Structure formats: C-alpha cells, structure tokens
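Participant: Would you mind keeping the following structure in view while I ask a few things?
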Amino acid sequence: MKLDKKFLEEIEAIGDDHVGTSAQTPIRDDAFDLSDDEKIARIAKDVSNILETLGMDLTDDSLSGTPIRVAKMFVKETFGGLHPERNPKASTFDNKYKYGEMLVEKNIVVYSTCEHHLLPIVGRAHVAYISNGTVIGLSKMNRIVDYYAKRPQVQERMTMQVVQELQKALGTKDVACVIDAKHLCVNSRGIRDIESSTVTAEFGGQFKDPKTKREFLDYISMETQF
C-alpha cells in the first residue's frame, strides 16, 4: 500500500489541531455486535501483526503475552467507556436539605486517550451544578467523568459530554465543567512540549452568567486544605 504524502500531511494537521466533529463519540451502529471476548481475540491478532511488522520477536518471553494484554486493556479498561452498558447509574435524590448554592467537585483525575494518535490524555476535571430540587451522589460525578474519559477522545467533546450527562441526570441546565489536561501527542511527539496543557470548558444555564461563572472559577482555583 502506497501512502499519499499530501493525505498524510492533512491527517497530521487535523491531529495536531485536535479537531472534533461532534459532541457525540463516532461509534458505528454495529459496534457492540461482537462480545468482549471476540473483540479481544481480534485485537490481539492485530497487535501481534503491528509488533511483527515492526520487527519484534514475539517468541521472546517478555513479548509473548503483550498482544493479549494490550487487547484486554483496550476492551476492558482504556476504551471500556465506549459500551453504553458501562454508563454509571446516576442515582439522584431529592434536595431535602434545601441546599441552594452551587456544588463543586474539583480535581477529578482524568485518564483518557487522544483519538488522533491513541496516546494518553492526563489531567483534572472540575464539575459543578446548581440543584433545582435534585442532587446526585458525589462519587457519581467522578464516575461520569471516568466513563467518558475511557474512550478515544477529543477533550472538547469529553467536556461537553460530561455536562450533558449531568444535565440529563439532574434535570437542569445549570451544570459546568472545566478540564485541564496534558496530551502526550503534544508532550511526547511532534513539538514535544512537555510544559503545555489544554484547558476546555462548558457552561450551561446559570453558569453562563459572568458572576456565577466567576464564582465557579474562584472555587476551583482554591487550594484544598487538609
């Protein structure tokens, strides 16, 4: 197969610019026709082919189990958030104590994967909402972030997906999310800038008001004291 130079340059440009095409993860209709075990078997063969093409000796003790390990990691862990059945149950409760201010869950660890180079995205998410009569368990906010992180991602899309999922669960538009993350496709290849990070934000409902937005940003900039 001959690779077209112009096509490769266009693909590289898209990857470096982190362009997202939709707020929805691009998944085919038949994405879940195969079982996890069937996917693992297929991916293991593909990983073997990649390593062999690179010239690696898969009979070596250190490498012999790599294809199956990578395949299991992809299906069960790294890209486990692709399957809708793994979407965490967002248990909500009546706001019986009538808490009327914003609730902020900050410094949620983000481990995701850039969909352009399949390299890690590592950072922190800060999520907030203002209750309209319903509240959600704190751990569910973390789990929602983790669910959308565990797939090939674009950070802009992930930020929007977290907000949209919480808006749906809470029945309110008053949700915000800021994500600050390092992309190893920038840090470890290409420009190889190890200092830069990417910040994205999505503000819904009352969070679009400058005063409310400023309050949220002030909260997440506070140093947590123990």
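By convention in this document, the chains of the structure tokens carry letters A, B, ... by their order, each chain's residues are numbered from 1, and ligands are numbered from 1 in the order they are shown.
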Can you list, as a PyMOL selection string, every protein, DNA or RNA residue that comes within 9 Å of Thr200 in chain A when you count only C-alpha atoms, leaving out same-chain residues fewer than 4 positions away?

Facilitator: chain A and resi 155-156+159+177-181

Participant: Please dump the current selection as a PDB file, in the first residue's frame; keep C-alpha atoms.

Facilitator:
```pdb
ATOM      1  CA  GLN A 155     -11.035  16.944  25.055  1.00  0.00           C
ATOM      2  CA  GLU A 156     -13.633  19.418  23.804  1.00  0.00           C
ATOM      3  CA  THR A 159     -16.077  18.250  28.395  1.00  0.00           C
ATOM      4  CA  CYS A 177     -17.191  21.519  33.630  1.00  0.00           C
ATOM      5  CA  VAL A 178     -13.581  22.622  33.167  1.00  0.00           C
ATOM      6  CA  ILE A 179     -10.863  20.153  32.177  1.00  0.00           C
ATOM      7  CA  ASP A 180      -7.131  20.909  32.302  1.00  0.00           C
ATOM      8  CA  ALA A 181      -5.054  18.108  30.782  1.00  0.00           C
TER       9      ALA A 181
END
```

Participant: Out of A:Ile144, A:Ile220, A:Leu58, A:Val154, which residue has the shortest atom-to-atom distance to Ser112 in chain A when counting only C-alpha atoms?

Facilitator: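 Nearest candidate to Ser112 in chain A out of A:Ile144, A:Ile220, A:Leu58, A:Val154: A:Val154.
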
Participant: Run DSSP on the backbone and tell me which residues of chain A come out as strand (DSSP E or B); list them as an MDAnalysis selection string.

Facilitator: chainID A and resid 92:94 102:114 120:130 134:136 152:153 175:183 198:203

Participant: Got a sec: who's within 9 Å of Lys96 in chain A, counting only C-alpha atoms, leaving out chain neighbours fewer than 3 positions off, as a ChimeraX atom specification?

Facilitator: /A:93,99,133-134

Participant: Report, in Å with one decimal, the straight-line distance from CA of Arg69 in chain A to CA of Ala44 in chain A.

Facilitator: 8.0 Å

Participant: Which residues, written as a PyMOL selection string, have at least one atom at most 8 Å from His183 in chain A, with only C-alpha atoms counted and residues fewer than 4 positions away on the same chain left out?

Facilitator: chain A and resi 114+119-122+187+197-198

Participant: List as a PyMOL selection string the protein and nucleic acid residues near Thr92 in chain A, meaning an atom at most 10 Å away when only C-alpha atoms are counted, but skip any in the same chain fewer than 4 places from it.

Facilitator: chain A and resi 134-137+140+169-170

Participant: Name the residues in contact with Phe203 in chain A at a cut-off of 12 Å, using only C-alpha atoms, excluding same-chain residues fewer than 2 positions from it; report them as a PyMOL selection string.

Facilitator: chain A and resi 126-130+159-164+166-167+173-179+200-201+205-210+212-214+216-217

Participant: Generate a file of the selected residues that holds C-alpha atoms, formatted as a tab-separated table (two decimals), in the first residue's frame.

Facilitator:
```tsv
chain	number	residue	atom	x	y	z
A	126	HIS	CA	-13.72	20.28	37.78
A	127	VAL	CA	-17.50	19.84	37.74
A	128	ALA	CA	-20.29	21.87	39.33
A	129	TYR	CA	-24.07	22.13	39.36
A	130	ILE	CA	-26.82	24.16	41.00
A	159	THR	CA	-16.08	18.25	28.40
A	160	MET	CA	-19.43	18.64	26.63
A	161	GLN	CA	-20.40	15.01	27.23
A	162	VAL	CA	-19.81	15.29	30.99
A	163	VAL	CA	-22.02	18.39	31.17
A	164	GLN	CA	-24.77	16.87	29.01
A	166	LEU	CA	-25.19	15.57	34.34
A	167	GLN	CA	-27.82	17.88	32.87
A	173	LYS	CA	-29.15	23.13	32.54
A	174	ASP	CA	-27.17	24.56	35.46
A	175	VAL	CA	-24.04	22.42	35.07
A	176	ALA	CA	-20.42	23.36	34.32
A	177	CYS	CA	-17.19	21.52	33.63
A	178	VAL	CA	-13.58	22.62	33.17
A	179	ILE	CA	-10.86	20.15	32.18
A	200	THR	CA	-11.58	23.29	27.90
A	201	ALA	CA	-14.83	24.46	29.46
A	205	GLY	CA	-27.72	27.59	32.33
A	206	GLN	CA	-26.84	29.92	35.21
A	207	PHE	CA	-23.12	29.23	34.68
A	208	LYS	CA	-23.24	31.36	31.53
A	209	ASP	CA	-23.83	34.37	33.78
A	210	PRO	CA	-20.45	36.10	34.32
A	212	THR	CA	-21.81	32.66	38.51
A	213	LYS	CA	-19.03	31.61	36.16
A	214	ARG	CA	-16.54	33.71	38.13
A	216	PHE	CA	-17.15	28.64	39.96
A	217	LEU	CA	-13.70	29.52	38.64
```

Participant: Residues within 12 Å of Arg28 in chain A, please, as number ranges by chain. Count only C-alpha atoms; anything in the same chain fewer than 4 positions from it doesn't count.

Facilitator: A: 24, 32-33, 82-83

Participant: Please save C-alpha atoms of the selected residues as a CSV table (one decimal), in the first residue's frame.

Facilitator:
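again-v4.csv was written with the following content:
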```
chain,number,residue,atom,x,y,z
A,24,GLN,CA,-21.2,12.5,20.2
A,32,PHE,CA,-21.5,-4.0,20.0
A,33,ASP,CA,-22.4,-6.9,17.8
A,82,LEU,CA,-17.5,3.0,24.7
A,83,HIS,CA,-20.1,0.4,25.8
```

Participant: What is the CA of Leu51 in chain A-CA of Ser188 in chain A distance in Å, reported with one decimal?

Facilitator: 20.3 Å

Participant: Run DSSP on the backbone and grab whatever in range 18-196 of chain A lands in helix (DSSP H, G or I); send it over as a VMD selection string.

Facilitator: chain A and resid 36 to 53 66 to 78 80 to 82 84 to 86 138 to 149 155 to 170 184 to 187

Participant: At what distance in Å, to one decimal, does CA of Cys185 in chain A lie from CA of His117 in chain A?

Facilitator: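 Taking CA of His117 in chain A and CA of Cys185 in chain A, their separation equals 6.4 Å.
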